Amino acid sequence: MEGHWMRLNRLFSDGKRAIVVAADHGMFIGPTPGTIDLPRAVEAWRGADGILLSPGMLKSCGHAFSYRGAPLAVVRLDWSTVFGSRWGFTGAHTAQVLTPANALAMGADMGIATFTFTMEQEVGDRDNVRHFAELVEAKRECGLPLIGELFPVAPNELTAEELSRQVHTGCRILAELGADIIKTYFTGERFAETVEATPVPIMVLGAEKLPNEIDALELAQRAIRAGARGVVFGRNIIQSRDPAGMIEALRMVIKEDASPTDAAAEANLL
């Protein structure tokens with residue numbers, strides 16, 4: 001398991017928190033502003049600790065990972081209907097699209113897979129547990145660290161209490177199943193309780209594009225103050241007015257504990 005720990009520890013090098021750019025939207029919703037020309041777009045994300053891509057885009061974006069000090073390549077291993085609420089999908093049915101061993105052979109440093117646990121849909125919850133557990137078994141065999149993405153069904157339709165309950169319960173289940181890191185929603189005041197109850201690092205996702213860069217920086221600050229080990233932001237970076245500047249501002253907030261206002265000013269985002 002030496003390779004597994006070497007790859008995992010590189011994300012949190014020297015004990016600091018991490019910033020990952022999520023750029024796998026095209027795999028779920030088609031062409032997305034900010035990633036239309038993905039091989040070109042990744043050039044602005046060199047300041048991140050990792051970049052999340054779909055399997056099919058890793059080859060064309062290999063230049064983003066092939067130099068000393070490059071971001072880690074985080075590759076999506078599955079596809080889920082949980083991201084299809086815009087089309088009227090109402091469940092979380094998941095299909096594996098890549099094995100951890102093949103991801104490793106392609107150049108991935110980490111894998112990521114989706115997990116939904118509703119506490120209401122017995123068959124769906126069972127199937128999602130089985131799906132993630134099978135990936136855990138496979139990643140252990142090849143030494144590829146695995147991020148578990150806890151993503152509720154139609155999260156925007158849940159009350160704050162419902163979202164917090166699903167995240168709190170699901171994060172512990174993911175850790176118990178063998179996730180090395182968890183990516184999920186920031187749930188506000190009770191998020192610190194979830195961090196305390198989850199024995200693996202939790203990173204916060206950005207979800208929909210927030211109105212202004214300062215809003216995303218404030219979300220990042222609230223999350224790390226509650227114990228998050230970093231962020232996995234997609235549209236709040238890739239659709240920023242200045243993606244490279246946004247990563248720099250996030251670095252100041254997340255790794256140096258700068259205020260969002262000071263970081264935004266320093267990065268010329270105000």
# chains A, B, ... in the order shown; residues from 1 in each chain; ligands from 1
call {"tool": "residues_around", "arguments": {"residues": "A:Lys139", "least_positions_apart": "2", "cutoff": "9 Å", "atoms": "only C-alpha atoms", "output": "PDB file with N, CA and C atoms, in the first residue's frame"}}
result
ATOM      1  N   HIS A   4      -0.280   3.820  -2.573  1.00  0.00           N
ATOM      2  CA  HIS A   4      -1.536   4.436  -2.175  1.00  0.00           C
ATOM      3  C   HIS A   4      -1.291   5.631  -1.266  1.00  0.00           C
ATOM      4  N   THR A  99     -12.289   1.130 -14.321  1.00  0.00           N
ATOM      5  CA  THR A  99     -11.775   0.453 -13.132  1.00  0.00           C
ATOM      6  C   THR A  99     -10.637   1.270 -12.526  1.00  0.00           C
ATOM      7  N   PRO A 100     -10.421   1.170 -11.224  1.00  0.00           N
ATOM      8  CA  PRO A 100      -9.283   1.861 -10.621  1.00  0.00           C
ATOM      9  C   PRO A 100      -7.949   1.473 -11.262  1.00  0.00           C
ATOM     10  N   ALA A 101      -7.771   0.196 -11.603  1.00  0.00           N
ATOM     11  CA  ALA A 101      -6.515  -0.240 -12.219  1.00  0.00           C
ATOM     12  C   ALA A 101      -6.292   0.434 -13.567  1.00  0.00           C
ATOM     13  N   GLY A 111      -8.824   8.446  -7.851  1.00  0.00           N
ATOM     14  CA  GLY A 111     -10.109   8.239  -8.482  1.00  0.00           C
ATOM     15  C   GLY A 111     -11.193   8.901  -7.651  1.00  0.00           C
ATOM     16  N   GLU A 134     -17.543  -2.123  -4.137  1.00  0.00           N
ATOM     17  CA  GLU A 134     -16.797  -2.839  -5.176  1.00  0.00           C
ATOM     18  C   GLU A 134     -15.622  -2.009  -5.680  1.00  0.00           C
ATOM     19  N   LEU A 135     -15.816  -0.694  -5.793  1.00  0.00           N
ATOM     20  CA  LEU A 135     -14.713   0.165  -6.210  1.00  0.00           C
ATOM     21  C   LEU A 135     -13.629   0.233  -5.135  1.00  0.00           C
ATOM     22  N   VAL A 136     -14.042   0.232  -3.871  1.00  0.00           N
ATOM     23  CA  VAL A 136     -13.069   0.234  -2.778  1.00  0.00           C
ATOM     24  C   VAL A 136     -12.199  -1.017  -2.843  1.00  0.00           C
ATOM     25  N   GLU A 137     -12.831  -2.162  -3.056  1.00  0.00           N
ATOM     26  CA  GLU A 137     -12.076  -3.414  -3.148  1.00  0.00           C
ATOM     27  C   GLU A 137     -11.076  -3.353  -4.302  1.00  0.00           C
ATOM     28  N   GLU A 141      -6.608  -3.094  -4.420  1.00  0.00           N
ATOM     29  CA  GLU A 141      -5.753  -4.035  -5.137  1.00  0.00           C
ATOM     30  C   GLU A 141      -4.668  -3.330  -5.944  1.00  0.00           C
ATOM     31  N   CYS A 142      -4.952  -2.114  -6.428  1.00  0.00           N
ATOM     32  CA  CYS A 142      -3.980  -1.433  -7.283  1.00  0.00           C
ATOM     33  C   CYS A 142      -3.322  -0.231  -6.615  1.00  0.00           C
ATOM     34  N   GLY A 143      -3.816   0.191  -5.443  1.00  0.00           N
ATOM     35  CA  GLY A 143      -3.186   1.293  -4.723  1.00  0.00           C
ATOM     36  C   GLY A 143      -3.598   2.670  -5.168  1.00  0.00           C
ATOM     37  N   LEU A 144      -4.791   2.807  -5.728  1.00  0.00           N
ATOM     38  CA  LEU A 144      -5.284   4.121  -6.169  1.00  0.00           C
ATOM     39  C   LEU A 144      -6.178   4.729  -5.089  1.00  0.00           C
ATOM     40  N   PRO A 145      -5.822   5.867  -4.505  1.00  0.00           N
ATOM     41  CA  PRO A 145      -6.714   6.502  -3.523  1.00  0.00           C
ATOM     42  C   PRO A 145      -8.063   6.836  -4.149  1.00  0.00           C
ATOM     43  N   LEU A 146      -9.116   6.755  -3.347  1.00  0.00           N
ATOM     44  CA  LEU A 146     -10.474   6.944  -3.861  1.00  0.00           C
ATOM     45  C   LEU A 146     -11.206   8.006  -3.052  1.00  0.00           C
TER      46      LEU A 146
END
call {"tool": "select_by_dssp", "arguments": {"residues": "stretch 178-261 of chain A", "states": "helix (DSSP H, G or I)", "output": "PyMOL selection string"}}
result
chain A and resi 188-197+213-225+235-238+243-256+260-261
call {"tool": "residues_around", "arguments": {"residues": "A:Lys209", "least_positions_apart": "6", "cutoff": "10 Å", "atoms": "only C-alpha atoms", "output": "ChimeraX atom specification"}}
result
/A:215-216,233-240
call {"tool": "atom_distance", "arguments": {"atom1": "atom CA of A:Ala258", "atom2": "atom CA of A:Thr198"}}
result
26.3 Å
call {"tool": "atom_distance", "arguments": {"atom1": "atom CA of A:Arg17", "atom2": "atom CA of A:Ala244"}}
result
17.9 Å
call {"tool": "residues_around", "arguments": {"residues": "A:Leu52", "least_positions_apart": "6", "cutoff": "9 Å", "atoms": "only C-alpha atoms", "output": "PDB file with N, CA and C atoms, in the first residue's frame"}}
result
ATOM      1  N   VAL A  20      -8.905  21.584  -5.348  1.00  0.00           N
ATOM      2  CA  VAL A  20      -9.071  20.759  -6.548  1.00  0.00           C
ATOM      3  C   VAL A  20     -10.074  21.456  -7.464  1.00  0.00           C
ATOM      4  N   VAL A  21      -9.731  21.539  -8.739  1.00  0.00           N
ATOM      5  CA  VAL A  21     -10.644  22.092  -9.745  1.00  0.00           C
ATOM      6  C   VAL A  21     -11.451  20.947 -10.347  1.00  0.00           C
ATOM      7  N   ALA A  22     -12.766  21.036 -10.272  1.00  0.00           N
ATOM      8  CA  ALA A  22     -13.640  20.014 -10.858  1.00  0.00           C
ATOM      9  C   ALA A  22     -14.005  20.419 -12.281  1.00  0.00           C
ATOM     10  N   ALA A  23     -13.613  19.590 -13.247  1.00  0.00           N
ATOM     11  CA  ALA A  23     -13.857  19.911 -14.649  1.00  0.00           C
ATOM     12  C   ALA A  23     -14.446  18.728 -15.395  1.00  0.00           C
ATOM     13  N   ASP A  24     -15.264  17.940 -14.703  1.00  0.00           N
ATOM     14  CA  ASP A  24     -15.879  16.762 -15.322  1.00  0.00           C
ATOM     15  C   ASP A  24     -17.349  16.980 -15.669  1.00  0.00           C
ATOM     16  N   LEU A  72      -2.386  17.039  -9.195  1.00  0.00           N
ATOM     17  CA  LEU A  72      -2.716  15.623  -9.286  1.00  0.00           C
ATOM     18  C   LEU A  72      -3.861  15.426 -10.271  1.00  0.00           C
ATOM     19  N   ALA A  73      -3.819  14.328 -10.990  1.00  0.00           N
ATOM     20  CA  ALA A  73      -4.904  13.966 -11.894  1.00  0.00           C
ATOM     21  C   ALA A  73      -5.925  13.117 -11.140  1.00  0.00           C
ATOM     22  N   VAL A  74      -7.110  13.667 -10.947  1.00  0.00           N
ATOM     23  CA  VAL A  74      -8.205  12.956 -10.278  1.00  0.00           C
ATOM     24  C   VAL A  74      -9.209  12.556 -11.351  1.00  0.00           C
ATOM     25  N   VAL A  75      -9.475  11.269 -11.498  1.00  0.00           N
ATOM     26  CA  VAL A  75     -10.277  10.782 -12.624  1.00  0.00           C
ATOM     27  C   VAL A  75     -11.581  10.162 -12.140  1.00  0.00           C
ATOM     28  N   ARG A  76     -12.655  10.539 -12.803  1.00  0.00           N
ATOM     29  CA  ARG A  76     -13.990  10.023 -12.487  1.00  0.00           C
ATOM     30  C   ARG A  76     -14.100   8.560 -12.907  1.00  0.00           C
ATOM     31  N   GLY A 111      -8.824   8.446  -7.851  1.00  0.00           N
ATOM     32  CA  GLY A 111     -10.109   8.239  -8.482  1.00  0.00           C
ATOM     33  C   GLY A 111     -11.193   8.901  -7.651  1.00  0.00           C
ATOM     34  N   ILE A 112     -12.350   9.100  -8.248  1.00  0.00           N
ATOM     35  CA  ILE A 112     -13.499   9.631  -7.524  1.00  0.00           C
ATOM     36  C   ILE A 112     -14.742   8.887  -7.984  1.00  0.00           C
ATOM     37  N   VAL A 232     -13.331  21.356  -3.487  1.00  0.00           N
ATOM     38  CA  VAL A 232     -13.351  20.848  -4.853  1.00  0.00           C
ATOM     39  C   VAL A 232     -14.365  21.721  -5.587  1.00  0.00           C
ATOM     40  N   GLY A 234     -15.846  23.660  -8.990  1.00  0.00           N
ATOM     41  CA  GLY A 234     -15.933  23.593 -10.434  1.00  0.00           C
ATOM     42  C   GLY A 234     -16.229  24.947 -11.030  1.00  0.00           C
TER      43      GLY A 234
END
call {"tool": "atom_distance", "arguments": {"atom1": "atom CA of A:Gly30", "atom2": "atom CA of A:Gln121"}}
result
28.0 Å
call {"tool": "select_by_dssp", "arguments": {"residues": "stretch 52-183 of chain A", "states": "strand (DSSP E)", "output": "JSON, numbers by chain"}}
result
{"A": [52, 53, 72, 73, 74, 75, 76, 78, 79, 80, 94, 95, 96, 110, 111, 112, 113, 114, 115, 146, 147, 148, 149, 150, 181, 182, 183]}
call {"tool": "closest_residue", "arguments": {"among": "A:Gly188, A:Pro199, A:Gly148, A:Asp125", "to": "A:Arg225", "atoms": "only C-alpha atoms"}}
result
A:Gly188
call {"tool": "residues_around", "arguments": {"residues": "A:Ser85", "least_positions_apart": "4", "cutoff": "9 Å", "atoms": "only C-alpha atoms", "output": "list in words"}}
result
Thr81, Phe89, Thr90, Gly91, Val153 and Ala154 of chain A
call {"tool": "write_last_selection", "arguments": {"atoms": "C-alpha atoms", "output": "short mmCIF file (atom, residue, chain, number, x, y, z; two decimals), in the first residue's frame"}}
result
data_model
loop_
_atom_site.label_atom_id
_atom_site.label_comp_id
_atom_site.auth_asym_id
_atom_site.auth_seq_id
_atom_site.Cartn_x
_atom_site.Cartn_y
_atom_site.Cartn_z
CA THR A 81 -28.32 9.84 -12.74
CA PHE A 89 -34.32 12.36 -13.16
CA THR A 90 -35.45 11.56 -9.63
CA GLY A 91 -33.02 8.89 -8.45
CA VAL A 153 -30.81 13.55 -4.85
CA ALA A 154 -32.05 17.04 -5.81
#
call {"tool": "residues_around", "arguments": {"residues": "A:Ala18", "least_positions_apart": "4", "cutoff": "12 Å", "atoms": "only C-alpha atoms", "output": "NGL selection string"}}
result
:A and (8-14 or 47-51 or 71-72 or 181 or 183 or 201-204 or 220 or 224 or 228-233 or 247 or 250-256)
call {"tool": "write_last_selection", "arguments": {"atoms": "C-alpha atoms", "output": "compact mmCIF listing (two decimals), in the first residue's frame"}}
result
# COMPACT_ATOMS: atom_id res chain seq x y z
CA LEU A 8 -2.79 10.38 -1.03
CA ASN A 9 -0.25 12.39 0.94
CA ARG A 10 0.77 14.39 -2.12
CA LEU A 11 -2.65 16.07 -2.13
CA PHE A 12 -2.15 17.38 1.40
CA SER A 13 1.58 18.01 1.10
CA ASP A 14 3.23 19.56 4.17
CA GLY A 47 -2.00 26.63 -9.24
CA ALA A 48 -4.44 23.97 -8.04
CA ASP A 49 -3.41 20.87 -6.10
CA GLY A 50 -5.56 18.62 -8.28
CA ILE A 51 -7.81 18.66 -11.35
CA PRO A 71 -1.57 19.16 -10.03
CA LEU A 72 -2.72 15.62 -9.29
CA ILE A 181 -11.38 11.41 1.17
CA LYS A 183 -16.29 15.44 -1.27
CA PRO A 201 -10.70 14.23 5.36
CA ILE A 202 -13.77 16.03 4.00
CA MET A 203 -13.52 18.51 1.13
CA VAL A 204 -16.37 20.85 0.25
CA ALA A 220 -14.38 28.26 1.44
CA ILE A 224 -12.26 25.31 6.52
CA ALA A 228 -12.89 20.92 5.96
CA ARG A 229 -9.52 19.96 4.47
CA GLY A 230 -10.09 22.01 1.35
CA VAL A 231 -12.45 22.51 -1.58
CA VAL A 232 -13.35 20.85 -4.85
CA PHE A 233 -14.74 23.77 -6.84
CA ILE A 247 -7.22 29.77 -7.48
CA LEU A 250 -8.55 30.44 -2.70
CA ARG A 251 -4.99 29.48 -1.86
CA MET A 252 -4.67 32.53 0.37
CA VAL A 253 -7.97 31.82 2.14
CA ILE A 254 -7.57 28.05 2.45
CA LYS A 255 -3.85 27.69 3.10
CA GLU A 256 -2.88 31.01 4.65
call {"tool": "closest_residue", "arguments": {"among": "A:Gly227, A:Gly84, A:Pro155, A:Gly62", "to": "A:Pro39", "atoms": "only C-alpha atoms"}}
result
A:Gly62
call {"tool": "closest_residue", "arguments": {"among": "A:Glu213, A:Arg222, A:Arg7, A:Phe191", "to": "A:Leu269", "atoms": "only C-alpha atoms"}}
result
A:Glu213
call {"tool": "closest_residue", "arguments": {"among": "A:Glu43, A:Asp257, A:Glu157, A:Asp78", "to": "A:Thr114", "atoms": "only C-alpha atoms"}}
result
A:Asp78
